[in-house]
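Asks: So I've got this file, data-v4.cif, and it contains mmCIF, C-alpha atoms:
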```cif
data_my_file
#
loop_
_atom_site.label_atom_id
_atom_site.label_comp_id
_atom_site.auth_asym_id
_atom_site.auth_seq_id
_atom_site.Cartn_x
_atom_site.Cartn_y
_atom_site.Cartn_z
CA MET A 1 74.18 298.71 252.78
CA SER A 2 71.89 296.38 250.84
CA ASP A 3 71.47 292.86 252.14
CA SER A 4 71.62 291.64 248.53
CA ALA A 5 75.14 293.00 248.09
CA PRO A 6 77.13 292.11 251.21
CA ASP A 7 80.37 292.20 249.17
CA LEU A 8 80.06 295.98 248.84
CA LEU A 9 81.59 296.52 252.27
CA GLN A 10 83.36 299.85 252.39
CA ARG A 11 86.98 298.91 252.86
CA LYS A 12 89.94 300.82 254.26
CA ILE A 13 92.90 300.19 252.00
CA ILE A 14 96.44 301.51 252.14
CA HIS A 15 98.85 301.39 249.23
CA ILE A 16 102.49 301.76 250.27
CA ASP A 17 105.07 302.59 247.61
CA MET A 18 108.74 302.91 248.54
CA ASP A 19 110.44 306.03 247.19
CA ALA A 20 112.97 305.25 244.41
CA PHE A 21 113.50 301.96 246.24
CA PHE A 22 116.54 300.40 244.54
CA ALA A 23 118.37 303.72 244.20
CA SER A 24 117.48 304.74 247.77
CA VAL A 25 118.92 301.49 249.16
CA GLU A 26 122.15 302.19 247.27
CA GLN A 27 122.30 305.76 248.60
CA ARG A 28 121.62 304.50 252.13
CA ASP A 29 124.38 301.90 251.99
CA PHE A 30 126.93 304.08 250.18
CA PRO A 31 126.95 307.60 251.67
CA GLU A 32 129.08 308.95 248.82
CA LEU A 33 126.04 308.51 246.54
CA ARG A 34 123.68 310.61 248.65
CA GLY A 35 122.40 313.75 246.98
CA LYS A 36 123.76 312.63 243.62
CA PRO A 37 121.99 311.38 240.47
CA VAL A 38 122.10 307.59 240.66
CA ALA A 39 120.84 304.92 238.27
CA VAL A 40 120.66 301.25 239.13
CA GLY A 41 121.44 299.23 236.02
CA GLY A 42 124.02 298.70 233.33
CA SER A 43 126.01 301.57 231.87
CA ALA A 44 127.04 299.65 228.75
CA LYS A 45 125.63 300.37 225.29
CA ARG A 46 122.89 297.77 225.72
CA GLY A 47 122.23 298.62 229.37
CA VAL A 48 118.87 299.73 230.76
CA VAL A 49 118.01 301.81 233.81
CA ALA A 50 116.28 299.63 236.42
CA ALA A 51 115.69 302.51 238.85
CA ALA A 52 116.66 306.16 239.21
CA SER A 53 117.14 308.39 242.25
CA TYR A 54 115.06 311.54 242.54
CA GLU A 55 118.17 313.57 241.75
CA ALA A 56 118.39 311.71 238.42
CA ARG A 57 114.67 312.00 237.73
CA LYS A 58 115.00 315.79 237.67
CA PHE A 59 116.91 315.31 234.41
CA GLY A 60 114.22 313.05 232.95
CA VAL A 61 115.95 309.77 233.75
CA ARG A 62 113.39 307.01 234.19
CA SER A 63 113.30 303.25 234.71
CA ALA A 64 113.33 301.14 231.52
CA MET A 65 115.24 303.93 229.71
CA PRO A 66 118.28 302.85 227.68
CA SER A 67 121.42 303.75 229.62
CA VAL A 68 122.89 305.74 226.72
CA THR A 69 119.78 307.95 226.69
CA ALA A 70 119.94 308.40 230.47
CA LYS A 71 123.61 309.39 230.32
CA ARG A 72 122.86 311.87 227.55
CA ARG A 73 120.15 313.50 229.65
CA CYS A 74 122.28 313.52 232.79
CA PRO A 75 126.03 313.53 232.03
CA ASP A 76 126.88 313.27 235.75
CA LEU A 77 124.71 310.17 236.22
CA ILE A 78 126.33 307.50 238.40
CA PHE A 79 125.52 303.90 237.43
CA VAL A 80 125.59 301.17 240.07
CA LYS A 81 124.96 297.45 239.64
CA HIS A 82 121.76 296.10 241.15
CA ARG A 83 121.86 294.03 244.36
CA PHE A 84 118.56 292.18 244.31
CA GLU A 85 119.47 290.02 247.28
CA VAL A 86 119.74 293.19 249.39
CA TYR A 87 116.51 294.65 248.00
CA ARG A 88 114.70 291.39 248.84
CA GLU A 89 116.02 291.45 252.39
CA VAL A 90 114.82 295.04 252.91
CA SER A 91 111.49 294.15 251.30
CA GLN A 92 110.98 291.36 253.83
CA GLN A 93 111.60 293.83 256.67
CA ILE A 94 108.96 296.14 255.23
CA ARG A 95 106.40 293.38 254.73
CA ALA A 96 106.86 292.32 258.35
CA ILE A 97 105.86 295.87 259.34
CA PHE A 98 102.73 295.61 257.21
CA ARG A 99 101.76 292.33 258.86
CA MET A 100 101.92 293.96 262.27
CA HIS A 101 98.68 295.67 261.24
CA SER A 102 96.93 293.19 258.94
CA ASP A 103 97.21 289.72 257.46
CA LEU A 104 95.60 291.04 254.27
CA VAL A 105 98.81 292.19 252.58
CA GLU A 106 99.08 291.93 248.80
CA PRO A 107 102.61 292.63 247.55
CA LEU A 108 102.77 293.90 243.97
CA SER A 109 106.56 293.85 243.85
CA LEU A 110 109.51 294.27 246.19
CA ASP A 111 108.70 297.92 246.81
CA GLU A 112 104.93 298.23 246.93
CA ALA A 113 101.89 296.53 248.42
CA TYR A 114 98.23 296.90 249.31
CA ILE A 115 97.18 296.51 252.94
CA ASP A 116 93.53 296.09 253.94
CA VAL A 117 93.12 297.56 257.43
CA THR A 118 89.33 297.43 257.56
CA GLU A 119 89.85 295.25 260.63
CA ASP A 120 93.36 296.08 261.81
CA LYS A 121 95.17 293.85 264.29
CA MET A 122 95.97 296.63 266.77
CA GLY A 123 92.41 297.91 266.89
CA ILE A 124 93.45 301.43 265.89
CA GLY A 125 90.50 301.87 263.58
CA ASN A 126 91.91 304.84 261.64
CA ALA A 127 93.54 304.05 258.28
CA THR A 128 95.40 307.36 258.03
CA ARG A 129 96.98 306.88 261.44
CA ILE A 130 97.97 303.32 260.53
CA ALA A 131 99.57 304.53 257.29
CA GLU A 132 101.59 307.12 259.20
CA MET A 133 102.67 304.49 261.75
CA ILE A 134 103.79 302.20 258.93
CA ARG A 135 105.77 304.96 257.24
CA ALA A 136 107.44 305.93 260.52
CA GLU A 137 108.37 302.32 261.31
CA ILE A 138 109.80 301.81 257.83
CA ARG A 139 112.00 304.87 258.29
CA LYS A 140 113.07 303.70 261.76
CA GLN A 141 113.94 300.15 260.73
CA THR A 142 115.35 300.68 257.24
CA GLY A 143 116.35 304.34 257.02
CA LEU A 144 114.17 304.64 253.88
CA THR A 145 111.09 306.68 253.06
CA ALA A 146 107.75 305.47 251.74
CA SER A 147 104.71 307.21 250.31
CA ALA A 148 101.15 306.11 251.08
CA GLY A 149 97.75 306.33 249.51
CA VAL A 150 94.75 305.74 251.78
CA SER A 151 91.29 305.17 250.36
CA TYR A 152 88.28 302.89 250.09
CA ASN A 153 89.51 300.83 247.12
CA LYS A 154 92.68 299.60 245.47
CA PHE A 155 92.43 301.72 242.32
CA ILE A 156 92.27 305.04 244.15
CA ALA A 157 94.71 304.06 246.92
CA LYS A 158 97.38 303.22 244.34
CA ILE A 159 96.95 306.48 242.46
CA ALA A 160 96.87 308.43 245.74
CA SER A 161 100.23 307.01 246.84
CA ASP A 162 101.82 308.79 243.88
CA GLN A 163 100.22 312.16 244.59
CA ASN A 164 102.65 313.51 247.19
CA LYS A 165 105.86 311.64 246.44
CA PRO A 166 108.43 311.40 247.81
CA ASP A 167 107.80 310.75 251.51
CA GLY A 168 104.17 311.85 251.40
CA ILE A 169 100.66 310.66 252.09
CA CYS A 170 97.36 311.28 250.32
CA VAL A 171 93.98 310.36 251.78
CA ILE A 172 90.91 310.08 249.56
CA LYS A 173 87.71 309.47 251.53
CA PRO A 174 84.69 307.70 250.03
CA HIS A 175 82.74 310.90 249.34
CA GLN A 176 85.80 312.37 247.57
CA GLY A 177 86.54 309.44 245.25
CA ALA A 178 84.48 310.35 242.20
CA ASP A 179 85.66 313.97 242.17
CA PHE A 180 89.28 312.89 242.67
CA VAL A 181 89.11 310.54 239.70
CA ALA A 182 87.30 313.12 237.57
CA GLN A 183 90.27 315.50 237.56
CA LEU A 184 92.85 312.84 236.70
CA PRO A 185 94.38 312.83 233.22
CA VAL A 186 93.53 309.56 231.49
CA ARG A 187 97.21 308.53 231.47
CA ARG A 188 96.94 308.07 235.25
CA PHE A 189 94.44 305.24 234.72
CA PHE A 190 96.20 301.88 234.85
CA GLY A 191 96.28 300.21 231.47
CA VAL A 192 95.98 303.48 229.57
CA GLY A 193 99.29 303.74 227.75
CA PRO A 194 100.44 306.32 225.19
CA LYS A 195 98.62 304.68 222.27
CA THR A 196 95.31 304.36 224.14
CA ALA A 197 95.63 307.92 225.44
CA GLU A 198 96.18 309.10 221.87
CA ARG A 199 93.00 307.31 220.75
CA MET A 200 91.11 308.86 223.64
CA ALA A 201 92.37 312.32 222.76
CA LYS A 202 90.97 311.93 219.25
CA LEU A 203 87.62 311.19 220.91
CA ASN A 204 88.03 314.32 223.07
CA ILE A 205 88.57 312.21 226.20
CA HIS A 206 91.31 313.76 228.31
CA THR A 207 90.27 313.33 231.95
CA GLY A 208 88.38 311.00 234.23
CA ALA A 209 85.39 313.34 233.89
CA ASP A 210 85.50 312.94 230.09
CA LEU A 211 85.55 309.17 230.52
CA ARG A 212 82.65 309.26 232.96
CA ALA A 213 80.58 311.18 230.41
CA GLN A 214 80.70 308.21 228.02
CA SER A 215 78.27 305.30 228.01
CA GLN A 216 79.47 301.79 228.53
CA ASP A 217 78.38 300.93 224.97
CA PHE A 218 80.49 303.78 223.61
CA LEU A 219 83.52 302.62 225.62
CA ARG A 220 83.00 299.02 224.50
CA GLN A 221 82.82 300.13 220.87
CA HIS A 222 86.13 301.97 221.09
CA PHE A 223 88.08 300.13 223.79
CA GLY A 224 86.71 296.59 223.74
CA LYS A 225 87.20 294.48 226.85
CA SER A 226 88.61 297.44 228.80
CA ALA A 227 85.21 299.16 228.68
CA GLY A 228 83.91 297.78 231.99
CA TYR A 229 87.05 298.72 233.86
CA LEU A 230 87.11 302.25 232.39
CA PHE A 231 83.40 302.75 233.11
CA ARG A 232 83.78 301.78 236.77
CA ALA A 233 87.15 303.40 237.41
CA SER A 234 85.95 306.74 236.04
CA ARG A 235 83.29 306.65 238.76
CA GLY A 236 85.76 305.76 241.51
CA VAL A 237 84.50 302.18 241.66
CA ASP A 238 86.74 299.15 242.25
CA HIS A 239 85.53 296.18 244.31
CA ARG A 240 88.66 294.02 244.02
CA GLU A 241 89.70 292.60 247.37
CA VAL A 242 93.19 292.75 248.81
CA ARG A 243 94.47 289.20 248.51
CA ALA A 244 97.36 287.84 250.48
CA HIS A 245 97.98 285.22 247.80
CA ARG A 246 97.93 287.11 244.53
CA ILE A 247 98.03 285.20 241.27
CA ARG A 248 99.85 286.75 238.31
CA LYS A 249 99.49 285.31 234.82
CA SER A 250 102.67 286.65 233.29
CA VAL A 251 105.43 289.24 233.46
CA GLY A 252 106.53 290.90 230.26
CA GLY A 253 107.33 294.01 228.33
CA GLU A 254 107.25 295.30 224.79
CA ARG A 255 108.32 298.33 222.81
CA THR A 256 106.94 300.00 219.70
CA TYR A 257 109.63 301.63 217.59
CA SER A 258 109.31 304.90 215.66
CA ASP A 259 111.59 303.46 212.98
CA ASP A 260 111.09 299.86 211.90
CA LEU A 261 113.86 297.44 212.84
CA VAL A 262 115.20 295.71 209.74
CA SER A 263 118.72 294.39 210.24
CA ASP A 264 119.62 291.44 212.44
CA THR A 265 121.83 293.72 214.55
CA GLU A 266 118.99 296.20 215.19
CA LEU A 267 116.69 293.39 216.26
CA GLN A 268 119.29 291.79 218.51
CA ASP A 269 120.15 295.09 220.19
CA ALA A 270 116.44 295.83 220.72
CA LEU A 271 115.89 292.39 222.26
CA GLU A 272 118.78 292.89 224.71
CA HIS A 273 117.11 296.06 226.00
CA ILE A 274 113.82 294.20 226.43
CA ILE A 275 115.53 291.29 228.20
CA ASP A 276 117.00 293.71 230.74
CA ILE A 277 113.68 295.49 231.29
CA VAL A 278 111.63 292.30 231.65
CA TRP A 279 114.15 290.53 233.88
CA THR A 280 114.19 293.54 236.20
CA SER A 281 110.39 293.23 236.43
CA ILE A 282 110.69 289.48 237.05
CA GLU A 283 113.14 290.09 239.89
CA LYS A 284 111.03 292.89 241.31
CA CYS A 285 107.89 290.73 241.28
CA GLU A 286 109.79 287.68 242.52
CA ALA A 287 108.22 285.71 239.68
CA ARG A 288 109.26 282.25 238.50
CA GLY A 289 107.94 280.85 235.24
CA ARG A 290 108.44 278.08 232.69
CA THR A 291 107.34 279.62 229.36
CA VAL A 292 109.04 282.39 227.40
CA THR A 293 107.10 284.04 224.57
CA LEU A 294 108.44 286.40 221.92
CA LYS A 295 106.00 288.78 220.21
CA ALA A 296 106.81 290.65 217.01
CA LYS A 297 104.63 292.96 214.98
CA TYR A 298 105.80 293.66 211.44
CA ALA A 299 105.62 296.95 209.57
CA ASP A 300 102.45 295.74 207.80
CA PHE A 301 100.90 295.05 211.27
CA ARG A 302 101.03 291.27 210.91
CA GLN A 303 101.86 289.77 214.28
CA VAL A 304 103.71 286.58 215.17
CA THR A 305 104.47 284.91 218.48
CA ARG A 306 106.97 282.19 219.29
CA SER A 307 107.01 280.33 222.63
CA HIS A 308 109.27 277.86 224.35
CA SER A 309 108.51 275.99 227.59
CA VAL A 310 110.87 274.13 229.89
CA ASP A 311 110.13 271.55 232.57
CA HIS A 312 111.49 273.70 235.41
CA TYR A 313 111.07 277.25 236.69
CA ILE A 314 113.48 279.68 235.04
CA ALA A 315 115.33 281.42 237.84
CA ASP A 316 118.37 282.62 235.91
CA LYS A 317 118.59 285.63 233.59
CA ASN A 318 121.06 283.89 231.30
CA GLU A 319 118.60 281.07 230.63
CA PHE A 320 115.74 283.51 230.08
CA ALA A 321 117.89 285.59 227.71
CA GLY A 322 119.11 282.52 225.83
CA ILE A 323 115.57 281.33 225.15
CA GLY A 324 114.56 284.83 224.04
CA ARG A 325 117.49 285.03 221.62
CA ASP A 326 116.66 281.62 220.16
CA LEU A 327 113.05 282.68 219.64
CA LEU A 328 114.16 285.85 217.87
CA ALA A 329 116.54 283.86 215.66
CA SER A 330 113.60 281.69 214.61
CA ILE A 331 111.88 284.65 212.87
CA MET A 332 115.01 286.17 211.30
CA PRO A 333 115.73 287.46 208.77
CA VAL A 334 112.72 289.78 208.56
CA GLU A 335 111.43 291.02 205.24
CA ASN A 336 109.38 294.13 206.00
CA GLY A 337 110.90 295.28 209.28
CA VAL A 338 109.58 295.01 212.85
CA ARG A 339 107.65 297.85 214.51
CA LEU A 340 107.03 296.13 217.87
CA LEU A 341 109.00 293.61 219.88
CA GLY A 342 108.08 292.03 223.21
CA LEU A 343 109.08 289.25 225.58
CA THR A 344 107.01 287.56 228.30
CA LEU A 345 107.57 285.00 231.03
CA ALA A 346 104.46 282.91 231.75
CA SER A 347 103.32 279.64 233.35
CA LEU A 348 104.20 281.34 236.62
CA GLU A 349 104.40 279.98 240.12
CA GLY A 350 101.95 282.19 241.77
CA ALA A 351 99.63 285.09 240.00
CA GLU A 352 96.01 286.88 239.31
CA ALA A 353 93.95 287.96 236.45
CA VAL A 354 92.41 291.33 237.27
CA GLU A 355 88.81 290.59 238.07
CA GLU A 356 85.98 292.34 236.25
CA GLU A 357 83.54 293.36 238.95
CA THR A 358 80.39 295.40 238.76
CA GLY A 359 78.27 297.42 241.09
CA ALA A 360 78.38 300.80 242.78
CA VAL A 361 80.23 301.99 245.82
CA GLU A 362 77.90 302.49 248.72
CA GLN A 363 78.80 305.64 250.64
CA GLN A 364 78.83 305.44 254.40
CA ALA A 365 80.52 307.08 257.35
CA PHE A 366 84.03 305.77 257.76
CA ASP A 367 87.01 306.62 259.90
CA PHE A 368 89.83 307.40 257.50
#
```
Could you show the structure in this file as structure tokens?
Replies:
Amino acid sequence: MSDSAPDLLQRKIIHIDMDAFFASVEQRDFPELRGKPVAVGGSAKRGVVAAASYEARKFGVRSAMPSVTAKRRCPDLIFVKHRFEVYREVSQQIRAIFRMHSDLVEPLSLDEAYIDVTEDKMGIGNATRIAEMIRAEIRKQTGLTASAGVSYNKFIAKIASDQNKPDGICVIKPHQGADFVAQLPVRRFFGVGPKTAERMAKLNIHTGADLRAQSQDFLRQHFGKSAGYLFRASRGVDHREVRAHRIRKSVGGERTYSDDLVSDTELQDALEHIIDIVWTSIEKCEARGRTVTLKAKYADFRQVTRSHSVDHYIADKNEFAGIGRDLLASIMPVENGVRLLGLTLASLEGAEAVEEETGAVEQQAFDF
């Protein structure tokens, strides 16, 4: 390792992701739900799925899906109301298990976290063994299963945790990172949504290997400020540290509609779906903020935003929803229709901009 780059220490990072967390807690606590398709969320016309059991996912039911769509895909779907106070309690149990091994624990939400075990408290020295111990202890204490990704950086560890779900583990060692990333479809890269993936496909970029074949100038030309991240990630590079006190700038969500929303009723119904989706994310991230922002993009691609700030942290969905509805009312009626609608909570107590870091991963022997 170069003396001029001491920050390029090869880390041992575990990403733990609970399996269908909300739904699994419900199935644990209510035996009659076990083995059945379960959705946590509202079953009403405006309801949204907050989480789905693996039995429901087999039918294509996913989180953030309108409840009417979920029910159409899975007629036997059982809806249950969320119990965030219970999910938080279980989450605290799980985080206590993490902290048995390291103080460098970075929760991303109630059901997932990064753990840096480069220097683990118990002196075990093997990240894979630690990940297995954590998964076993979670099962013992909570009756739930977790999947783990083990690698040398956060980017790969997070992707790896999804490889062998549910109740699985995937280990990607430093010398395997670049090849692992090369075979990934671009949609597995964080921040690459359907629209970006579509643009990449038109440029004949389908995999991590295709991304890696592009120069940074080419990526900057086509993907702007995301170029540096894409350039590094496609090479298996990510030097972000696991931070126990993670700062998030905002929590939000938006939807682009295939048919433009024109009537007041269409817009109001669409906003209710977004309120449910975003508030679920707010609860999951345990975020508290003071500013609500509405984003609307019209059919002619003009974009407007409306914001409202209060002098206290919004901790109640009704208040958040009320502000969102008032902001929507301020842009109605619409003339040309709305193709995109979004809502964000900002001025948060807590959160992190993703750092842009450069450099190359130095390969070295490591006990994974």
Asks: Return as a VMD selection string the set of residues that the PyMOL selection byres ((chain A and resi 337-345) around 7) yields on the displayed structure.
Replies: chain A and resid 250 to 257 260 to 262 274 289 291 to 299 334 to 336 346
Asks: At what distance in Å, to one decimal, does atom CA of Ala64 of chain A lie from atom CA of Ile277 of chain A?
Replies: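 Atom CA of Ala64 of chain A lies at a distance of 5.7 Å from atom CA of Ile277 of chain A.
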Asks: Rounded to one decimal place, report the atom CA of Gln163 of chain A-atom CA of Asp19 of chain A distance in Å.
Replies: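 For atom CA of Gln163 of chain A relative to atom CA of Asp19 of chain A, the distance reads 12.2 Å.
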Asks: Starting from the PyMOL selection byres ((chain A and resi 197-204) around 10), expand the selection into actual residues of this file and give them as a PDB file with C-alpha atoms, keeping the file's coordinate frame.
Replies:
```
ATOM      1  CA  PRO A 185      94.380 312.830 233.220  1.00  0.00           C
ATOM      2  CA  VAL A 186      93.530 309.560 231.490  1.00  0.00           C
ATOM      3  CA  ARG A 187      97.210 308.530 231.470  1.00  0.00           C
ATOM      4  CA  ARG A 188      96.940 308.070 235.250  1.00  0.00           C
ATOM      5  CA  PHE A 189      94.440 305.240 234.720  1.00  0.00           C
ATOM      6  CA  GLY A 191      96.280 300.210 231.470  1.00  0.00           C
ATOM      7  CA  VAL A 192      95.980 303.480 229.570  1.00  0.00           C
ATOM      8  CA  GLY A 193      99.290 303.740 227.750  1.00  0.00           C
ATOM      9  CA  PRO A 194     100.440 306.320 225.190  1.00  0.00           C
ATOM     10  CA  LYS A 195      98.620 304.680 222.270  1.00  0.00           C
ATOM     11  CA  THR A 196      95.310 304.360 224.140  1.00  0.00           C
ATOM     12  CA  ILE A 205      88.570 312.210 226.200  1.00  0.00           C
ATOM     13  CA  HIS A 206      91.310 313.760 228.310  1.00  0.00           C
ATOM     14  CA  THR A 207      90.270 313.330 231.950  1.00  0.00           C
ATOM     15  CA  ASP A 210      85.500 312.940 230.090  1.00  0.00           C
ATOM     16  CA  LEU A 211      85.550 309.170 230.520  1.00  0.00           C
ATOM     17  CA  HIS A 222      86.130 301.970 221.090  1.00  0.00           C
ATOM     18  CA  PHE A 223      88.080 300.130 223.790  1.00  0.00           C
TER      19      PHE A 223
END
```
Asks: Contacts of segment 22-25 of chain A at 9 Å or less, counting only C-alpha atoms, minus same-chain residues fewer than 2 places along, as an MDAnalysis selection string?
Replies: chainID A and resid 18:20 27:30 34 38:40 50:54 80 82:84 86:87 90 111 142:145
Asks: I need the output of the PyMOL selection byres ((chain A and resi 154) around 12) for this file as number ranges by chain; which residues are they?
Replies: A: 10-16, 105-106, 108, 113-116, 149-153, 155-161, 172, 177, 190, 233, 236-243, 354
Asks: Taking into account all atoms listed in the file, which residue in the set A:Val304, A:Asp120, A:Leu328, A:His175 is nearest to Arg99 of chain A?
Replies: A:Asp120
Asks: Rounded to one decimal, what separation in Å do you get between atom CA of Asp162 of chain A and atom CA of Phe79 of chain A?
Replies: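 Between these atoms lies a distance of 25.0 Å.
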Asks: Could you give me, as an MDAnalysis selection string, the residues that have an atom at most 8 Å away from the point (117.3, 296.8, 230.2) in the coordinates of the file, using all atoms listed in the file?
Replies: chainID A and resid 41:42 46:50 64:66 272:280
Asks: Pick the closest to Asp311 of chain A from A:Arg290, A:Arg73, A:Arg235, A:Lys249: which is it, counting all atoms listed in the file?
Replies: A:Arg290
Asks: Using all atoms listed in the file, can you tell me which of A:Val181, A:His312, A:Ser347, A:Glu266 comes closest to Met332 of chain A?
Replies: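 Among A:Val181, A:His312, A:Ser347, A:Glu266, it is A:Glu266 that comes nearest to Met332 of chain A.
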Asks: Neighbouring residues of Glu55 of chain A were defined as those with any atom within 9 Å, considering all atoms listed in the file; residues of the same chain fewer than 6 positions away were excluded. Please report them as a count of residues only.
Replies: 4
Asks: Residues within 8 Å of Asn164 of chain A, please, as a PDB file with C-alpha atoms, keeping the file's coordinate frame. Count all atoms listed in the file; anything in the same chain fewer than 5 positions from it doesn't count.
Replies:
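What landed in part03.pdb:
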```pdb
ATOM      1  CA  SER A 147     104.710 307.210 250.310  1.00  0.00           C
ATOM      2  CA  ILE A 169     100.660 310.660 252.090  1.00  0.00           C
ATOM      3  CA  CYS A 170      97.360 311.280 250.320  1.00  0.00           C
TER       4      CYS A 170
END
```
Asks: Between A:Val68, A:Ser309, A:Ala131, A:Ser109, which residue has the minimum interatomic distance to Ser281 of chain A, considering all atoms listed in the file?
Replies: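 Ranking A:Val68, A:Ser309, A:Ala131, A:Ser109 by distance to Ser281 of chain A, first place goes to A:Ser109.
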